[in-house]
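Text of protein-v1.cif, listed as mmCIF, N, CA and C atoms:
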data_model
loop_
_atom_site.label_atom_id
_atom_site.label_comp_id
_atom_site.auth_asym_id
_atom_site.auth_seq_id
_atom_site.Cartn_x
_atom_site.Cartn_y
_atom_site.Cartn_z
N MET A 1 105.18 160.24 48.82
CA MET A 1 104.04 159.86 48.03
C MET A 1 102.77 159.83 48.86
N LEU A 2 102.80 159.21 50.03
CA LEU A 2 101.60 159.15 50.86
C LEU A 2 101.39 160.46 51.60
N GLY A 3 100.14 160.86 51.73
CA GLY A 3 99.79 162.04 52.49
C GLY A 3 99.29 161.69 53.87
N TYR A 4 98.35 160.74 53.95
CA TYR A 4 97.86 160.26 55.22
C TYR A 4 97.16 158.92 55.05
N ALA A 5 97.01 158.22 56.15
CA ALA A 5 96.28 156.96 56.18
C ALA A 5 95.15 157.12 57.18
N VAL A 6 94.05 156.42 56.96
CA VAL A 6 92.88 156.53 57.83
C VAL A 6 92.52 155.16 58.39
N LEU A 7 92.31 155.12 59.70
CA LEU A 7 91.82 153.92 60.38
C LEU A 7 90.45 154.25 60.96
N GLY A 8 89.54 153.29 60.86
CA GLY A 8 88.20 153.50 61.40
C GLY A 8 88.11 153.13 62.87
N THR A 9 87.22 153.79 63.57
CA THR A 9 86.94 153.45 64.97
C THR A 9 85.45 153.57 65.22
N ASN A 10 84.97 152.82 66.19
CA ASN A 10 83.59 152.93 66.64
C ASN A 10 83.52 153.60 68.00
N ASP A 11 84.67 153.95 68.57
CA ASP A 11 84.73 154.57 69.90
C ASP A 11 85.87 155.59 69.91
N THR A 12 85.56 156.84 69.62
CA THR A 12 86.61 157.85 69.50
C THR A 12 87.32 158.11 70.84
N GLU A 13 86.62 158.00 71.94
CA GLU A 13 87.26 158.22 73.24
C GLU A 13 88.31 157.15 73.51
N ARG A 14 87.96 155.89 73.30
CA ARG A 14 88.91 154.79 73.50
C ARG A 14 90.07 154.92 72.51
N ALA A 15 89.77 155.22 71.25
CA ALA A 15 90.81 155.36 70.23
C ALA A 15 91.74 156.52 70.55
N SER A 16 91.20 157.61 71.03
CA SER A 16 92.02 158.77 71.38
C SER A 16 93.00 158.41 72.49
N ASP A 17 92.55 157.71 73.51
CA ASP A 17 93.44 157.31 74.59
C ASP A 17 94.57 156.42 74.06
N PHE A 18 94.24 155.46 73.23
CA PHE A 18 95.21 154.53 72.67
C PHE A 18 96.22 155.26 71.79
N TYR A 19 95.74 156.01 70.79
CA TYR A 19 96.63 156.64 69.82
C TYR A 19 97.36 157.86 70.39
N ASP A 20 96.77 158.59 71.33
CA ASP A 20 97.49 159.70 71.98
C ASP A 20 98.77 159.17 72.62
N GLN A 21 98.64 158.07 73.37
CA GLN A 21 99.80 157.52 74.07
C GLN A 21 100.80 156.86 73.12
N LEU A 22 100.31 156.10 72.15
CA LEU A 22 101.19 155.41 71.22
C LEU A 22 101.98 156.41 70.36
N THR A 23 101.30 157.40 69.80
CA THR A 23 102.00 158.36 68.94
C THR A 23 102.95 159.25 69.75
N MET A 24 102.60 159.56 70.99
CA MET A 24 103.50 160.35 71.83
C MET A 24 104.80 159.59 72.07
N LEU A 25 104.70 158.29 72.35
CA LEU A 25 105.89 157.47 72.56
C LEU A 25 106.77 157.47 71.31
N LEU A 26 106.16 157.48 70.14
CA LEU A 26 106.90 157.45 68.88
C LEU A 26 107.33 158.85 68.41
N GLY A 27 107.09 159.86 69.23
CA GLY A 27 107.56 161.21 68.91
C GLY A 27 106.61 162.05 68.11
N SER A 28 105.33 161.72 68.12
CA SER A 28 104.35 162.48 67.38
C SER A 28 103.25 162.94 68.32
N LYS A 29 102.19 163.49 67.77
CA LYS A 29 101.10 163.99 68.61
C LYS A 29 99.84 164.20 67.77
N CYS A 30 98.74 164.45 68.46
CA CYS A 30 97.49 164.81 67.79
C CYS A 30 97.65 166.24 67.27
N ILE A 31 97.45 166.41 65.96
CA ILE A 31 97.60 167.74 65.38
C ILE A 31 96.27 168.36 64.96
N HIS A 32 95.20 167.55 64.98
CA HIS A 32 93.88 168.07 64.62
C HIS A 32 92.81 167.12 65.15
N SER A 33 91.79 167.67 65.75
CA SER A 33 90.66 166.84 66.17
C SER A 33 89.37 167.50 65.69
N PHE A 34 88.39 166.68 65.45
CA PHE A 34 87.08 167.17 65.04
C PHE A 34 86.05 166.18 65.54
N ASP A 35 84.78 166.41 65.26
CA ASP A 35 83.72 165.60 65.87
C ASP A 35 83.80 164.11 65.58
N ARG A 36 84.41 163.69 64.47
CA ARG A 36 84.49 162.27 64.12
C ARG A 36 85.82 161.62 64.42
N GLY A 37 86.83 162.39 64.86
CA GLY A 37 88.11 161.74 65.11
C GLY A 37 89.28 162.68 65.23
N PHE A 38 90.46 162.15 64.88
CA PHE A 38 91.73 162.80 65.16
C PHE A 38 92.72 162.56 64.04
N PHE A 39 93.64 163.50 63.87
CA PHE A 39 94.79 163.33 62.99
C PHE A 39 96.05 163.43 63.84
N TYR A 40 96.95 162.49 63.62
CA TYR A 40 98.24 162.47 64.33
C TYR A 40 99.34 162.64 63.30
N GLY A 41 100.41 163.30 63.67
CA GLY A 41 101.51 163.42 62.73
C GLY A 41 102.44 164.56 63.04
N GLU A 42 103.20 164.88 62.03
CA GLU A 42 104.18 165.95 62.09
C GLU A 42 103.99 166.80 60.85
N THR A 43 104.78 166.55 59.83
CA THR A 43 104.69 167.36 58.62
C THR A 43 104.53 166.54 57.35
N GLU A 44 105.19 165.39 57.26
CA GLU A 44 105.20 164.65 56.00
C GLU A 44 104.10 163.60 55.87
N PHE A 45 103.65 163.04 56.96
CA PHE A 45 102.66 161.96 56.89
C PHE A 45 101.76 162.05 58.10
N GLU A 46 100.50 161.80 57.89
CA GLU A 46 99.54 161.85 58.99
C GLU A 46 98.76 160.55 59.07
N LEU A 47 98.33 160.23 60.28
CA LEU A 47 97.48 159.08 60.56
C LEU A 47 96.17 159.61 61.12
N ALA A 48 95.06 159.29 60.48
CA ALA A 48 93.75 159.71 60.95
C ALA A 48 93.03 158.52 61.56
N VAL A 49 92.35 158.74 62.68
CA VAL A 49 91.52 157.73 63.33
C VAL A 49 90.14 158.36 63.47
N VAL A 50 89.18 157.86 62.70
CA VAL A 50 87.88 158.52 62.60
C VAL A 50 86.73 157.52 62.56
N THR A 51 85.55 158.00 62.89
CA THR A 51 84.34 157.22 62.64
C THR A 51 84.03 157.36 61.15
N PRO A 52 83.45 156.34 60.53
CA PRO A 52 83.18 156.39 59.09
C PRO A 52 82.24 157.54 58.72
N PHE A 53 82.55 158.19 57.61
CA PHE A 53 81.76 159.32 57.12
C PHE A 53 80.31 158.92 56.84
N ASP A 54 80.11 157.68 56.35
CA ASP A 54 78.76 157.26 55.99
C ASP A 54 77.89 156.89 57.18
N GLY A 55 78.46 156.93 58.40
CA GLY A 55 77.68 156.64 59.61
C GLY A 55 77.55 155.17 59.94
N ASN A 56 78.04 154.29 59.07
CA ASN A 56 78.00 152.86 59.35
C ASN A 56 79.11 152.48 60.32
N GLU A 57 79.07 151.25 60.82
CA GLU A 57 80.10 150.75 61.73
C GLU A 57 81.45 150.69 61.02
N ALA A 58 82.49 151.01 61.74
CA ALA A 58 83.85 150.83 61.22
C ALA A 58 84.15 149.34 61.19
N ALA A 59 84.81 148.88 60.15
CA ALA A 59 85.18 147.47 60.02
C ALA A 59 86.58 147.40 59.43
N THR A 60 87.35 146.42 59.88
CA THR A 60 88.71 146.27 59.39
C THR A 60 88.72 145.49 58.08
N GLY A 61 89.74 145.71 57.29
CA GLY A 61 89.89 144.98 56.04
C GLY A 61 90.94 143.90 56.19
N ASN A 62 90.76 142.81 55.51
CA ASN A 62 91.73 141.73 55.54
C ASN A 62 92.89 142.12 54.63
N GLY A 63 94.09 142.18 55.20
CA GLY A 63 95.26 142.56 54.43
C GLY A 63 95.63 144.03 54.58
N ASN A 64 94.81 144.82 55.26
CA ASN A 64 95.13 146.23 55.48
C ASN A 64 95.97 146.38 56.73
N MET A 65 96.94 147.29 56.69
CA MET A 65 97.80 147.52 57.85
C MET A 65 98.46 148.88 57.69
N VAL A 66 98.70 149.54 58.81
CA VAL A 66 99.47 150.78 58.82
C VAL A 66 100.75 150.51 59.60
N ALA A 67 101.89 150.91 59.03
CA ALA A 67 103.19 150.72 59.68
C ALA A 67 103.70 152.07 60.16
N LEU A 68 104.12 152.11 61.42
CA LEU A 68 104.62 153.33 62.04
C LEU A 68 106.12 153.18 62.30
N LYS A 69 106.91 154.16 61.87
CA LYS A 69 108.36 154.12 62.05
C LYS A 69 108.74 154.38 63.50
N ALA A 70 109.76 153.68 63.95
CA ALA A 70 110.32 153.90 65.28
C ALA A 70 111.79 154.30 65.11
N SER A 71 112.31 155.03 66.07
CA SER A 71 113.69 155.52 65.99
C SER A 71 114.73 154.47 66.35
N SER A 72 114.29 153.38 66.99
CA SER A 72 115.22 152.33 67.39
C SER A 72 114.45 151.03 67.61
N ARG A 73 115.19 149.95 67.70
CA ARG A 73 114.56 148.66 68.02
C ARG A 73 113.98 148.69 69.43
N GLU A 74 114.66 149.37 70.33
CA GLU A 74 114.16 149.49 71.70
C GLU A 74 112.83 150.22 71.71
N MET A 75 112.67 151.21 70.81
CA MET A 75 111.39 151.93 70.72
C MET A 75 110.30 151.03 70.16
N VAL A 76 110.65 150.13 69.24
CA VAL A 76 109.68 149.15 68.75
C VAL A 76 109.18 148.31 69.92
N ASP A 77 110.10 147.83 70.74
CA ASP A 77 109.74 147.01 71.91
C ASP A 77 108.83 147.78 72.85
N ARG A 78 109.17 149.04 73.11
CA ARG A 78 108.38 149.87 74.03
C ARG A 78 106.98 150.16 73.48
N ALA A 79 106.90 150.46 72.19
CA ALA A 79 105.61 150.75 71.56
C ALA A 79 104.71 149.52 71.58
N TYR A 80 105.27 148.36 71.28
CA TYR A 80 104.53 147.11 71.30
C TYR A 80 104.00 146.83 72.71
N ALA A 81 104.85 146.97 73.72
CA ALA A 81 104.43 146.74 75.11
C ALA A 81 103.34 147.72 75.52
N LEU A 82 103.48 148.98 75.14
CA LEU A 82 102.46 149.98 75.47
C LEU A 82 101.14 149.65 74.78
N ALA A 83 101.20 149.28 73.51
CA ALA A 83 99.98 148.94 72.78
C ALA A 83 99.23 147.80 73.46
N LEU A 84 99.95 146.75 73.86
CA LEU A 84 99.30 145.62 74.54
C LEU A 84 98.74 146.06 75.89
N LYS A 85 99.46 146.90 76.60
CA LYS A 85 98.98 147.42 77.89
C LYS A 85 97.69 148.22 77.71
N LEU A 86 97.57 148.91 76.57
CA LEU A 86 96.39 149.73 76.30
C LEU A 86 95.25 148.93 75.68
N GLY A 87 95.41 147.62 75.56
CA GLY A 87 94.31 146.78 75.09
C GLY A 87 94.47 146.21 73.70
N ALA A 88 95.58 146.45 73.04
CA ALA A 88 95.80 145.87 71.71
C ALA A 88 95.99 144.36 71.83
N THR A 89 95.77 143.66 70.74
CA THR A 89 96.00 142.22 70.71
C THR A 89 97.24 141.93 69.86
N ASP A 90 97.98 140.93 70.28
CA ASP A 90 99.24 140.55 69.63
C ASP A 90 98.99 139.97 68.25
N GLU A 91 99.79 140.43 67.28
CA GLU A 91 99.78 139.87 65.93
C GLU A 91 101.20 139.47 65.52
N GLY A 92 102.16 139.58 66.45
CA GLY A 92 103.54 139.22 66.15
C GLY A 92 104.49 140.02 67.02
N ALA A 93 105.14 139.33 67.94
CA ALA A 93 106.05 139.98 68.90
C ALA A 93 107.22 140.64 68.18
N PRO A 94 107.86 141.61 68.83
CA PRO A 94 109.01 142.28 68.23
C PRO A 94 110.11 141.30 67.85
N GLY A 95 110.70 141.53 66.69
CA GLY A 95 111.80 140.69 66.26
C GLY A 95 112.24 141.00 64.86
N ILE A 96 113.35 140.39 64.48
CA ILE A 96 113.90 140.55 63.15
C ILE A 96 113.03 139.74 62.19
N ARG A 97 112.70 140.34 61.09
CA ARG A 97 111.95 139.65 60.04
C ARG A 97 112.89 139.55 58.84
N GLY A 98 113.07 138.39 58.33
CA GLY A 98 113.98 138.20 57.21
C GLY A 98 115.31 137.64 57.69
N SER A 99 116.24 137.55 56.78
CA SER A 99 117.51 136.89 57.08
C SER A 99 118.61 137.83 57.53
N GLU A 100 118.45 139.12 57.37
CA GLU A 100 119.51 140.06 57.72
C GLU A 100 119.37 140.56 59.15
N GLU A 101 120.40 140.32 59.95
CA GLU A 101 120.41 140.75 61.36
C GLU A 101 120.22 142.26 61.48
N SER A 102 120.72 143.03 60.53
CA SER A 102 120.63 144.48 60.62
C SER A 102 119.51 145.04 59.74
N GLY A 103 118.57 144.20 59.35
CA GLY A 103 117.48 144.62 58.47
C GLY A 103 116.23 145.07 59.21
N PHE A 104 115.12 144.53 58.80
CA PHE A 104 113.80 144.93 59.31
C PHE A 104 113.54 144.33 60.69
N TYR A 105 113.16 145.17 61.65
CA TYR A 105 112.80 144.74 63.00
C TYR A 105 111.41 145.31 63.26
N GLY A 106 110.45 144.45 63.52
CA GLY A 106 109.09 144.95 63.67
C GLY A 106 108.26 144.18 64.67
N ALA A 107 107.14 144.78 65.04
CA ALA A 107 106.16 144.17 65.94
C ALA A 107 104.77 144.50 65.39
N TYR A 108 103.84 143.59 65.57
CA TYR A 108 102.51 143.73 65.00
C TYR A 108 101.44 143.57 66.08
N PHE A 109 100.38 144.37 65.95
CA PHE A 109 99.26 144.29 66.90
C PHE A 109 98.01 144.89 66.27
N ARG A 110 96.88 144.63 66.90
CA ARG A 110 95.60 145.21 66.47
C ARG A 110 95.04 146.06 67.60
N ASP A 111 94.52 147.24 67.22
CA ASP A 111 93.88 148.09 68.22
C ASP A 111 92.52 147.50 68.59
N ALA A 112 91.81 148.15 69.49
CA ALA A 112 90.53 147.61 69.97
C ALA A 112 89.47 147.53 68.88
N ASP A 113 89.62 148.27 67.79
CA ASP A 113 88.68 148.20 66.67
C ASP A 113 89.09 147.14 65.65
N GLY A 114 90.23 146.49 65.88
CA GLY A 114 90.69 145.44 64.97
C GLY A 114 91.63 145.93 63.88
N ASN A 115 91.99 147.21 63.89
CA ASN A 115 92.93 147.74 62.89
C ASN A 115 94.31 147.18 63.16
N LYS A 116 94.96 146.67 62.12
CA LYS A 116 96.29 146.09 62.28
C LYS A 116 97.36 147.16 62.09
N LEU A 117 98.31 147.19 63.01
CA LEU A 117 99.43 148.12 62.96
C LEU A 117 100.74 147.37 63.11
N CYS A 118 101.78 147.98 62.56
CA CYS A 118 103.14 147.50 62.72
C CYS A 118 103.95 148.69 63.21
N VAL A 119 104.83 148.47 64.17
CA VAL A 119 105.84 149.45 64.54
C VAL A 119 107.16 148.83 64.14
N TYR A 120 107.98 149.59 63.40
CA TYR A 120 109.18 148.98 62.85
C TYR A 120 110.38 149.92 62.86
N ARG A 121 111.54 149.29 62.76
CA ARG A 121 112.82 149.98 62.59
C ARG A 121 113.54 149.27 61.45
N MET A 122 113.96 150.03 60.47
CA MET A 122 114.73 149.47 59.36
C MET A 122 116.19 149.79 59.61
N GLY A 123 117.04 148.77 59.65
CA GLY A 123 118.44 148.97 59.91
C GLY A 123 118.83 148.52 61.31
N PRO A 124 120.09 148.73 61.67
CA PRO A 124 120.55 148.28 62.98
C PRO A 124 119.87 149.01 64.12
N ALA A 125 120.02 148.46 65.31
CA ALA A 125 119.37 148.99 66.50
C ALA A 125 119.45 150.49 66.57
#
Just give me the structure as structure tokens.
Amino acid sequence: MLGYAVLGTNDTERASDFYDQLTMLLGSKCIHSFDRGFFYGETEFELAVVTPFDGNEAATGNGNMVALKASSREMVDRAYALALKLGATDEGAPGIRGSEESGFYGAYFRDADGNKLCVYRMGPA
């Protein structure tokens, strides 16, 4: 159903460094760049990180978040650690969410522009 999601940035160089490394760890890459930003992805879903079209400052929304799939719980842990190393702020350390041990495992953080992201694994490790 989804084609792509867009996150705003006020610093494309900083955002490129952050998302190039994060998406590479998760098995993806930058597939298109242009003067205002970048698209990351493979074939089914893309994540765009761009400066706003209207030229105003990028601002985060309350309640907005993009969730990125990970291949394992260990990959969730690694992505979260890398994001914090690259300057992200913690919004929830990796762990099981909910009552099922083999259910949702996720970690939450915000990039330097304040965009909230989740890296998650659904199912057992």
DSSP on the backbone: which residues in chain A end up as helix (DSSP H, G or I)? Give the answer as a list in words.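 Residues meeting the helix (DSSP H, G or I) criterion: Thr12, Glu13, Arg14, Ala15, Ser16, Asp17, Phe18, Tyr19, Asp20, Gln21, Leu22, Thr23, Met24, Leu25, Arg73, Glu74, Met75, Val76, Asp77, Arg78, Ala79, Tyr80, Ala81, Leu82, Ala83, Leu84 and Lys85 of chain A.
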For a quick check of your reading of the model, name the residues lying within 7 Å of the coordinate (98.9, 166.2, 65.4), counting only N, CA and C atoms, and write them as a list in words.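 Residues found, by chain and rising number: Ser28, Lys29, Cys30, Ile31, His32, Phe39, Tyr40, Gly41 and Glu42 of chain A.
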Please return as a ChimeraX atom specification: the residues of chain A that backbone DSSP assigns to strand (DSSP E). /A:4-8,29-34,37-41,46-50,66-69,89-97,104-110,116-122
Using only N, CA and C atoms, which protein or nucleic acid residues come within 8 Å of Ser16 (chain A)? Drop anything in the same chain fewer than 4 positions from it, and give the result as an mmCIF file with N, CA and C atoms, keeping the file's coordinate frame.
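out04.cif, written as the output of this step:
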data_model
loop_
_atom_site.group_PDB
_atom_site.id
_atom_site.type_symbol
_atom_site.label_atom_id
_atom_site.label_comp_id
_atom_site.auth_asym_id
_atom_site.auth_seq_id
_atom_site.Cartn_x
_atom_site.Cartn_y
_atom_site.Cartn_z
ATOM 1 N N ASP A 11 84.670 153.950 68.570
ATOM 2 C CA ASP A 11 84.730 154.570 69.900
ATOM 3 C C ASP A 11 85.870 155.590 69.910
ATOM 4 N N THR A 12 85.560 156.840 69.620
ATOM 5 C CA THR A 12 86.610 157.850 69.500
ATOM 6 C C THR A 12 87.320 158.110 70.840
ATOM 7 N N ASP A 20 96.770 158.590 71.330
ATOM 8 C CA ASP A 20 97.490 159.700 71.980
ATOM 9 C C ASP A 20 98.770 159.170 72.620
ATOM 10 N N GLN A 21 98.640 158.070 73.370
ATOM 11 C CA GLN A 21 99.800 157.520 74.070
ATOM 12 C C GLN A 21 100.800 156.860 73.120
ATOM 13 N N LEU A 22 100.310 156.100 72.150
ATOM 14 C CA LEU A 22 101.190 155.410 71.220
ATOM 15 C C LEU A 22 101.980 156.410 70.360
ATOM 16 N N GLY A 37 86.830 162.390 64.860
ATOM 17 C CA GLY A 37 88.110 161.740 65.110
ATOM 18 C C GLY A 37 89.280 162.680 65.230
ATOM 19 N N PHE A 38 90.460 162.150 64.880
ATOM 20 C CA PHE A 38 91.730 162.800 65.160
ATOM 21 C C PHE A 38 92.720 162.560 64.040
ATOM 22 N N VAL A 49 92.350 158.740 62.680
ATOM 23 C CA VAL A 49 91.520 157.730 63.330
ATOM 24 C C VAL A 49 90.140 158.360 63.470
#
Determine the residue membership of the PyMOL selection byres ((chain A and resi 63-79) around 5) for the file above and supply it as a PDB file with N, CA and C atoms, in the frame of the given file.
ATOM      1  N   GLY A  61      89.740 145.710  57.290  1.00  0.00           N
ATOM      2  CA  GLY A  61      89.890 144.980  56.040  1.00  0.00           C
ATOM      3  C   GLY A  61      90.940 143.900  56.190  1.00  0.00           C
ATOM      4  N   ASN A  62      90.760 142.810  55.510  1.00  0.00           N
ATOM      5  CA  ASN A  62      91.730 141.730  55.540  1.00  0.00           C
ATOM      6  C   ASN A  62      92.890 142.120  54.630  1.00  0.00           C
ATOM      7  N   TYR A  80     105.270 148.360  71.280  1.00  0.00           N
ATOM      8  CA  TYR A  80     104.530 147.110  71.300  1.00  0.00           C
ATOM      9  C   TYR A  80     104.000 146.830  72.710  1.00  0.00           C
ATOM     10  N   ALA A  81     104.850 146.970  73.720  1.00  0.00           N
ATOM     11  CA  ALA A  81     104.430 146.740  75.110  1.00  0.00           C
ATOM     12  C   ALA A  81     103.340 147.720  75.520  1.00  0.00           C
ATOM     13  N   LEU A  82     103.480 148.980  75.140  1.00  0.00           N
ATOM     14  CA  LEU A  82     102.460 149.980  75.470  1.00  0.00           C
ATOM     15  C   LEU A  82     101.140 149.650  74.780  1.00  0.00           C
ATOM     16  N   ALA A  83     101.200 149.280  73.510  1.00  0.00           N
ATOM     17  CA  ALA A  83      99.980 148.940  72.780  1.00  0.00           C
ATOM     18  C   ALA A  83      99.230 147.800  73.460  1.00  0.00           C
ATOM     19  N   LYS A 116      94.960 146.670  62.120  1.00  0.00           N
ATOM     20  CA  LYS A 116      96.290 146.090  62.280  1.00  0.00           C
ATOM     21  C   LYS A 116      97.360 147.160  62.090  1.00  0.00           C
ATOM     22  N   LEU A 117      98.310 147.190  63.010  1.00  0.00           N
ATOM     23  CA  LEU A 117      99.430 148.120  62.960  1.00  0.00           C
ATOM     24  C   LEU A 117     100.740 147.370  63.110  1.00  0.00           C
ATOM     25  N   CYS A 118     101.780 147.980  62.560  1.00  0.00           N
ATOM     26  CA  CYS A 118     103.140 147.500  62.720  1.00  0.00           C
ATOM     27  C   CYS A 118     103.950 148.690  63.210  1.00  0.00           C
ATOM     28  N   VAL A 119     104.830 148.470  64.170  1.00  0.00           N
ATOM     29  CA  VAL A 119     105.840 149.450  64.540  1.00  0.00           C
ATOM     30  C   VAL A 119     107.160 148.830  64.140  1.00  0.00           C
ATOM     31  N   TYR A 120     107.980 149.590  63.400  1.00  0.00           N
ATOM     32  CA  TYR A 120     109.180 148.980  62.850  1.00  0.00           C
ATOM     33  C   TYR A 120     110.380 149.920  62.860  1.00  0.00           C
ATOM     34  N   ARG A 121     111.540 149.290  62.760  1.00  0.00           N
ATOM     35  CA  ARG A 121     112.820 149.980  62.590  1.00  0.00           C
ATOM     36  C   ARG A 121     113.540 149.270  61.450  1.00  0.00           C
ATOM     37  N   ALA A 125     120.020 148.460  65.310  1.00  0.00           N
ATOM     38  CA  ALA A 125     119.370 148.990  66.500  1.00  0.00           C
ATOM     39  C   ALA A 125     119.450 150.490  66.570  1.00  0.00           C
TER      40      ALA A 125
END
Selection: 6.5 Å around Thr60 (chain A), all atoms listed in the file, excl. self and same-chain fewer than 5 positions, as a JSON list (two decimals) with N, CA and C atoms, in the frame of the given file:
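Contents of around_25.json, as written:
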[["chain", "number", "residue", "atom", "x", "y", "z"],
["A", 113, "ASP", "N", 89.62, 148.27, 67.79],
["A", 113, "ASP", "CA", 88.68, 148.20, 66.67],
["A", 113, "ASP", "C", 89.09, 147.14, 65.65],
["A", 114, "GLY", "N", 90.23, 146.49, 65.88],
["A", 114, "GLY", "CA", 90.69, 145.44, 64.97],
["A", 114, "GLY", "C", 91.63, 145.93, 63.88],
["A", 115, "ASN", "N", 91.99, 147.21, 63.89],
["A", 115, "ASN", "CA", 92.93, 147.74, 62.89],
["A", 115, "ASN", "C", 94.31, 147.18, 63.16]]
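Separating atom C of Asp111 (chain A) from CA of Thr89 (chain A) is a distance of 6.7 Å.
The space separating CA of Met122 (chain A) from CA of Phe18 (chain A) comes to 24.2 Å.
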Please determine, counting only N, CA and C atoms, which residue among A:Asp54, A:Leu47, A:Ala5, A:Asp90 has the shortest atom-to-atom distance to Phe109 (chain A). A:Asp90
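Note that the spacing between CA of Thr51 (chain A) and CA of Arg110 (chain A) amounts to 16.9 Å.
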Edge lengths and centre in Å to one decimal, as lines of an AutoDock Vina configuration file, is what I'm after for the box along x, y and z that holds all listed atoms of region 12-28 of chain A once 5 Å is added on each side.
center_x = 96.6
center_y = 158.7
center_z = 71.0
size_x = 32.0
size_y = 18.4
size_z = 17.2
Have a look at A:Gly27, A:Gly55, A:Gly3, A:Pro124 and name the one nearest to Ser102 (chain A); count all atoms listed in the file.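 Comparing A:Gly27, A:Gly55, A:Gly3, A:Pro124 against Ser102 (chain A), the winner is A:Pro124.
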Can you tell me, as a PyMOL selection string, what residues are no more than 6 Å from Ala93 (chain A) when counting all atoms listed in the file, ignoring any on the same chain fewer than 2 positions away? chain A and resi 91+95+106-108
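Distances to Glu44 (chain A) were evaluated for A:Glu57, A:Asn10, A:Tyr4, A:Met24 using only C-alpha atoms, and the minimum falls at A:Tyr4.
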